[in-house]
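Structure data follow from model.csv (CSV, C-alpha atoms and all ligand atoms):
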```csv
chain,number,residue,atom,x,y,z
A,21,MET,CA,10.9,-9.6,7.7
A,22,GLY,CA,7.2,-10.4,7.8
A,23,ASN,CA,5.5,-7.0,8.4
A,24,THR,CA,5.2,-3.8,6.5
A,25,ALA,CA,5.1,-0.5,8.4
A,26,PHE,CA,5.1,3.2,7.5
A,27,ILE,CA,6.7,5.7,9.8
A,28,ALA,CA,6.3,9.5,9.7
A,29,LEU,CA,9.3,11.6,10.7
A,30,GLY,CA,9.3,15.2,11.7
A,31,SER,CA,11.8,17.8,13.1
A,32,ASN,CA,11.8,21.5,13.7
A,33,ILE,CA,14.8,22.1,16.1
A,34,GLY,CA,18.5,22.5,15.2
A,35,ASP,CA,19.8,20.8,12.1
A,36,ARG,CA,16.5,19.3,11.1
A,37,TYR,CA,17.8,17.3,8.2
A,38,ASP,CA,20.6,15.8,10.3
A,39,TYR,CA,18.0,14.7,12.9
A,40,LEU,CA,15.9,13.0,10.2
A,41,SER,CA,18.9,11.3,8.7
A,42,LYS,CA,20.2,10.1,12.0
A,43,ALA,CA,16.7,8.8,12.9
A,44,VAL,CA,16.5,6.8,9.7
A,45,GLU,CA,20.0,5.5,10.2
A,46,ARG,CA,19.2,4.3,13.8
A,47,LEU,CA,15.9,2.7,12.8
A,48,VAL,CA,17.4,0.7,10.0
A,49,SER,CA,20.4,-0.3,12.1
A,50,HIS,CA,18.1,-2.6,14.1
A,51,SER,CA,18.6,-6.2,13.0
A,52,LYS,CA,14.8,-6.7,12.8
A,53,ILE,CA,14.2,-3.6,10.6
A,54,GLN,CA,14.9,-3.3,6.9
A,55,LEU,CA,14.5,-0.1,4.9
A,56,VAL,CA,12.2,-0.3,1.9
A,57,ASN,CA,11.8,3.3,0.8
A,58,THR,CA,11.9,6.9,1.9
A,59,SER,CA,10.0,9.9,0.6
A,60,SER,CA,11.4,13.2,-0.4
A,61,VAL,CA,11.9,15.6,2.5
A,62,TYR,CA,9.3,18.3,2.7
A,63,GLU,CA,9.4,21.7,4.5
A,64,THR,CA,6.0,22.2,6.2
A,65,ASP,CA,4.1,24.9,8.0
A,66,PRO,CA,3.5,24.0,11.6
A,67,VAL,CA,0.0,22.9,12.5
A,68,GLY,CA,-1.7,22.4,15.8
A,69,TYR,CA,0.5,24.9,17.6
A,70,GLU,CA,1.5,27.4,15.0
A,71,GLU,CA,4.0,29.7,16.9
A,72,GLN,CA,7.0,27.5,16.2
A,73,ASP,CA,9.5,27.0,13.4
A,74,LEU,CA,8.9,25.3,10.1
A,75,PHE,CA,9.2,21.5,10.1
A,76,LEU,CA,11.0,19.0,7.9
A,77,ASN,CA,8.8,16.0,7.4
A,78,MET,CA,9.2,12.7,5.5
A,79,VAL,CA,7.8,9.2,5.5
A,80,MET,CA,9.6,5.9,5.4
A,81,GLU,CA,8.5,2.3,4.6
A,82,ILE,CA,10.1,-0.6,6.4
A,83,GLN,CA,9.9,-4.3,6.6
A,84,THR,CA,10.2,-5.6,10.2
A,85,ASP,CA,10.1,-8.6,12.4
A,86,LEU,CA,9.2,-6.4,15.4
A,87,SER,CA,5.6,-6.4,16.6
A,88,ALA,CA,3.8,-3.0,16.4
A,89,PHE,CA,4.4,-2.5,20.1
A,90,GLU,CA,8.1,-3.4,19.9
A,91,LEU,CA,8.4,-1.0,17.0
A,92,LEU,CA,6.8,1.7,19.0
A,93,ASP,CA,9.2,1.2,21.9
A,94,PHE,CA,12.1,1.3,19.6
A,95,CYS,CA,10.8,4.6,18.0
A,96,LEU,CA,10.5,6.2,21.4
A,97,LYS,CA,14.0,5.0,22.3
A,98,VAL,CA,15.4,6.6,19.2
A,99,GLU,CA,13.5,9.8,19.9
A,100,LEU,CA,15.1,10.0,23.3
A,101,GLU,CA,18.5,9.2,22.0
A,102,LEU,CA,18.2,12.1,19.6
A,103,GLY,CA,17.3,14.6,22.4
A,104,ARG,CA,13.5,14.6,22.2
A,105,LYS,CA,12.0,16.5,25.2
A,106,ARG,CA,8.3,16.6,25.8
A,107,GLU,CA,7.6,20.1,27.1
A,108,ILE,CA,4.9,22.0,25.2
A,109,MET,CA,2.2,19.8,23.8
A,110,TRP,CA,2.4,19.9,19.9
A,111,GLY,CA,5.6,22.0,20.5
A,112,PRO,CA,9.1,22.0,18.9
A,113,ARG,CA,10.9,18.7,18.8
A,114,THR,CA,14.3,17.4,17.6
A,115,VAL,CA,12.6,14.4,16.1
A,116,ASP,CA,9.2,12.8,16.2
A,117,LEU,CA,8.6,9.2,14.9
A,118,ASP,CA,5.0,8.2,14.4
A,119,ILE,CA,3.9,4.8,13.2
A,120,LEU,CA,1.2,5.4,10.6
A,121,LEU,CA,0.4,1.9,9.4
A,122,TYR,CA,1.4,-1.7,10.4
A,123,ASN,CA,0.3,-4.1,7.7
A,124,GLN,CA,-3.4,-3.5,7.3
A,125,GLU,CA,-4.0,-3.8,11.0
A,126,ASN,CA,-6.3,-1.9,13.4
A,127,ILE,CA,-4.7,-1.4,16.8
A,128,LYS,CA,-6.5,0.5,19.5
A,129,SER,CA,-4.7,0.6,22.8
A,130,GLU,CA,-3.9,3.3,25.3
A,131,LYS,CA,-0.2,3.3,24.1
A,132,LEU,CA,-0.8,2.9,20.4
A,133,MET,CA,-3.4,3.6,17.7
A,134,ILE,CA,-2.9,2.3,14.2
A,135,PRO,CA,-3.7,3.6,11.7
A,136,HIS,CA,-2.5,6.8,13.2
A,137,PRO,CA,-5.9,8.4,14.2
A,138,ARG,CA,-5.2,11.8,12.7
A,139,MET,CA,-3.1,11.0,9.8
A,140,LEU,CA,-5.8,11.6,7.2
A,141,GLU,CA,-6.0,15.3,8.1
A,142,ARG,CA,-2.3,15.9,8.2
A,143,ASN,CA,-0.9,17.0,4.8
A,144,PHE,CA,2.6,16.7,6.1
A,145,VAL,CA,2.0,13.0,6.5
A,146,MET,CA,-0.3,12.3,3.6
A,147,ILE,CA,1.7,14.0,0.9
A,148,PRO,CA,5.0,12.2,1.6
A,149,LEU,CA,3.1,8.9,2.1
A,150,SER,CA,1.4,9.3,-1.3
A,151,GLU,CA,4.7,9.9,-2.9
A,152,ILE,CA,6.0,6.5,-2.0
A,153,LYS,CA,2.6,4.6,-1.9
A,154,PRO,CA,0.0,6.3,-4.0
A,155,ASN,CA,-2.2,3.3,-4.4
A,156,ILE,CA,-2.4,2.3,-0.7
A,157,THR,CA,-5.8,2.1,0.9
A,158,ILE,CA,-5.8,3.0,4.6
A,159,PRO,CA,-7.9,0.7,6.8
A,160,ASN,CA,-11.3,2.2,7.6
A,161,THR,CA,-11.3,4.5,4.6
A,162,GLU,CA,-13.0,3.9,1.2
A,163,LYS,CA,-10.9,6.0,-1.2
A,164,PRO,CA,-7.3,5.1,-2.1
A,165,LEU,CA,-4.7,7.6,-0.9
A,166,GLU,CA,-4.3,9.5,-4.2
A,167,VAL,CA,-8.0,10.4,-4.2
A,168,TRP,CA,-7.8,11.7,-0.6
A,169,ILE,CA,-4.8,13.8,-1.6
A,170,GLU,CA,-6.7,15.5,-4.4
A,171,GLU,CA,-9.4,16.6,-1.9
A,172,LEU,CA,-7.0,17.9,0.7
A,173,PRO,CA,-7.1,21.7,1.4
A,174,ASN,CA,-4.0,23.8,2.1
A,175,LYS,CA,-1.5,21.6,0.2
A,176,GLU,CA,0.7,24.7,-0.2
A,177,GLY,CA,1.7,24.2,3.5
A,178,VAL,CA,3.8,21.2,2.4
A,179,ARG,CA,6.7,22.0,-0.1
A,180,VAL,CA,9.4,19.7,-1.4
A,181,TRP,CA,12.7,20.6,0.4
A,182,LYS,CA,15.1,17.9,-0.7
A,183,ARG,CA,13.9,15.7,-3.5
A,184,LYS,CA,14.7,12.0,-3.5
A,185,ASN,CA,18.0,11.8,-5.5
A,186,GLY,CA,17.5,11.8,-9.2
A,187,GLU,CA,13.7,12.0,-9.5
A,188,ASP,CA,12.9,8.4,-10.5
A,189,VAL,CA,16.0,6.8,-8.9
A,190,PHE,CA,15.2,4.4,-6.1
A,191,GLU,CA,17.8,5.5,-3.5
A,192,PRO,CA,16.5,5.6,0.0
A,193,ILE,CA,18.6,7.6,2.4
A,194,GLY,CA,20.0,5.7,5.3
A,195,ASN,CA,21.5,2.8,3.3
B,201,LIG,C1,-7.0,21.8,14.9
B,201,LIG,C2,-6.6,21.3,16.1
B,201,LIG,C3,-6.3,21.5,13.8
B,201,LIG,C4,-5.4,20.5,16.2
B,201,LIG,C5,-5.1,20.8,13.9
B,201,LIG,C6,-2.8,19.1,14.0
B,201,LIG,C7,-2.8,19.2,16.3
B,201,LIG,C8,-1.6,18.4,14.0
B,201,LIG,C9,-1.6,18.5,16.4
B,201,LIG,C10,-4.7,20.3,15.1
B,201,LIG,C11,-3.4,19.5,15.1
B,201,LIG,C12,-1.0,18.1,15.3
B,201,LIG,C13,4.0,18.5,13.3
B,201,LIG,C14,3.3,19.7,13.2
B,201,LIG,C15,2.9,18.8,15.1
B,201,LIG,C16,4.8,18.1,12.2
B,201,LIG,C17,4.0,20.0,11.0
B,201,LIG,C18,0.3,17.4,15.3
B,201,LIG,C19,1.1,17.3,16.5
B,201,LIG,N1,3.7,17.9,14.5
B,201,LIG,N2,3.3,20.4,12.1
B,201,LIG,N3,2.6,19.8,14.3
B,201,LIG,N4,4.8,18.9,11.1
B,201,LIG,N5,4.1,20.7,9.9
B,201,LIG,O1,5.5,17.0,12.2
B,201,LIG,O2,0.7,16.8,14.3
B,201,LIG,S1,2.2,18.6,16.7
B,202,MG,MG,3.6,13.6,15.4
B,203,MG,MG,4.8,11.4,18.1
```

The structure in this file should be written as structure tokens.
Amino acid sequence: MGNTAFIALGSNIGDRYDYLSKAVERLVSHSKIQLVNTSSVYETDPVGYEEQDLFLNMVMEIQTDLSAFELLDFCLKVELELGRKREIMWGPRTVDLDILLYNQENIKSEKLMIPHPRMLERNFVMIPLSEIKPNITIPNTEKPLEVWIEELPNKEGVRVWKRKNGEDVFEPIGN
């Protein structure tokens, strides 16, 4: 498994935790994906389009032998399998899977931008990511993640909902 990737997960329809759990399960059931870590699950105020229900968000770290594009296709397939419909832009979804980082690569294509172009402004991405990788430096930025986090406004919009079992215990969900 030669590549490290971080994926952001979000859900705000139905049994949100069940959708996140099933998405993790399906991702890690791929023979070319291995789970490294998951963040706590956070309940977050909707941003972009605010007239919708609260989200659950989390971030996972994987090792993978898939290319970034193969990983994207697999994420889109899992979204569809879990009932994702694209109706309102930025609207409610059963599950959303966004690739944040793939090694330290910069990928700019019509289909895929990595690092995720708006991740730095999204507290619901940055706070869970910093929980599992506080020292990471995101390509094209100067400051390590933990410094970014200190400077983020409106952190109260992201609240721990289900803490990773036993505080310091390394126990990713989905195993
Ligand atoms: C101005 C203009 C300020 C647009 C923010 C932010 C747009 C985020 C879209 C924005 C803007 C997004 C989630 C969400 C969405 C999620 C929470 C998006 C795409 N996804 N809110 N809103 N969690 N809390 O996963 O991220 S829609
Ligand atoms: Mg998204
Ligand atoms: Mg998405």

Item to check | Selection near A:Met139, 12 Å with all atoms listed in the file, sequence-local residues under 3 positions removed, as an NGL selection string | outcome: :A and (26-28 or 79 or 118-121 or 133-136 or 142-149 or 158-159 or 161 or 165 or 168-169)

Next on the checklist: How would you report the residues lying within 9 Å of ligand MG 202 (chain B), as a PyMOL selection string, if you count only C-alpha atoms and all ligand atoms?
Outcome noted: chain A and resi 28-30+110+116-118

Checklist entry - In terms of the shortest atom-to-atom distance over only C-alpha atoms, which of A:Asp65, A:Glu141, A:Glu101, A:Asp93 is closest to A:Arg46? => result A:Glu101

Next on the checklist: Can you tell me which residues surround A:Val180 at a distance of at most 9 Å, considering only C-alpha atoms, apart from same-chain residues fewer than 5 positions away, and format the answer as a VMD selection string?
Outcome noted: chain A and resid 60 to 64

Residues as selected, C-alpha atoms, written as a PDB file, in the coordinates of the input, can you do that?
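The resulting selection24.pdb:
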```pdb
ATOM      1  CA  SER A  60      11.400  13.200  -0.400  1.00  0.00           C
ATOM      2  CA  VAL A  61      11.900  15.600   2.500  1.00  0.00           C
ATOM      3  CA  TYR A  62       9.300  18.300   2.700  1.00  0.00           C
ATOM      4  CA  GLU A  63       9.400  21.700   4.500  1.00  0.00           C
ATOM      5  CA  THR A  64       6.000  22.200   6.200  1.00  0.00           C
TER       6      THR A  64
END
```

Next on the checklist: Between atom CA of A:Gly177 and atom CA of A:Ile33, what distance in Å does the model show, to one decimal?
Outcome noted: 18.3 Å

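Taking all atoms listed in the file, the non-local environment of A:Ser49 within 12 Å (same-chain residues fewer than 3 positions away omitted) comprises Lys42, Ala43, Val44, Glu45, Arg46, Lys52, Ile53, Gln54, Leu55, Ile82, Thr84, Phe94, Val98, Gly194 and Asn195 of chain A.
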
Next on the checklist: Under the rule that all atoms listed in the file are counted, which of A:Gly111, A:Pro154, A:Pro66, A:Gly22 is the nearest residue to ligand MG 203 (chain B)?
Outcome noted: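 Distance minimum relative to ligand MG 203 (chain B) lands on A:Gly111.
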
Checklist entry - Which residue, A:Val48, A:Val167, A:Met109, A:Ile152, has the smallest gap to ligand MG 203 (chain B) when you use all atoms listed in the file? => result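 Of A:Val48, A:Val167, A:Met109, A:Ile152, the one nearest ligand MG 203 (chain B), counting all atoms listed in the file, is A:Met109.
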
Checklist outcome for this item: Min atom-atom distance to ligand LIG 201 (chain B) from the set A:Leu47, A:Ile156, A:Met80, A:Val115, counting all atoms listed in the file, belongs to A:Val115
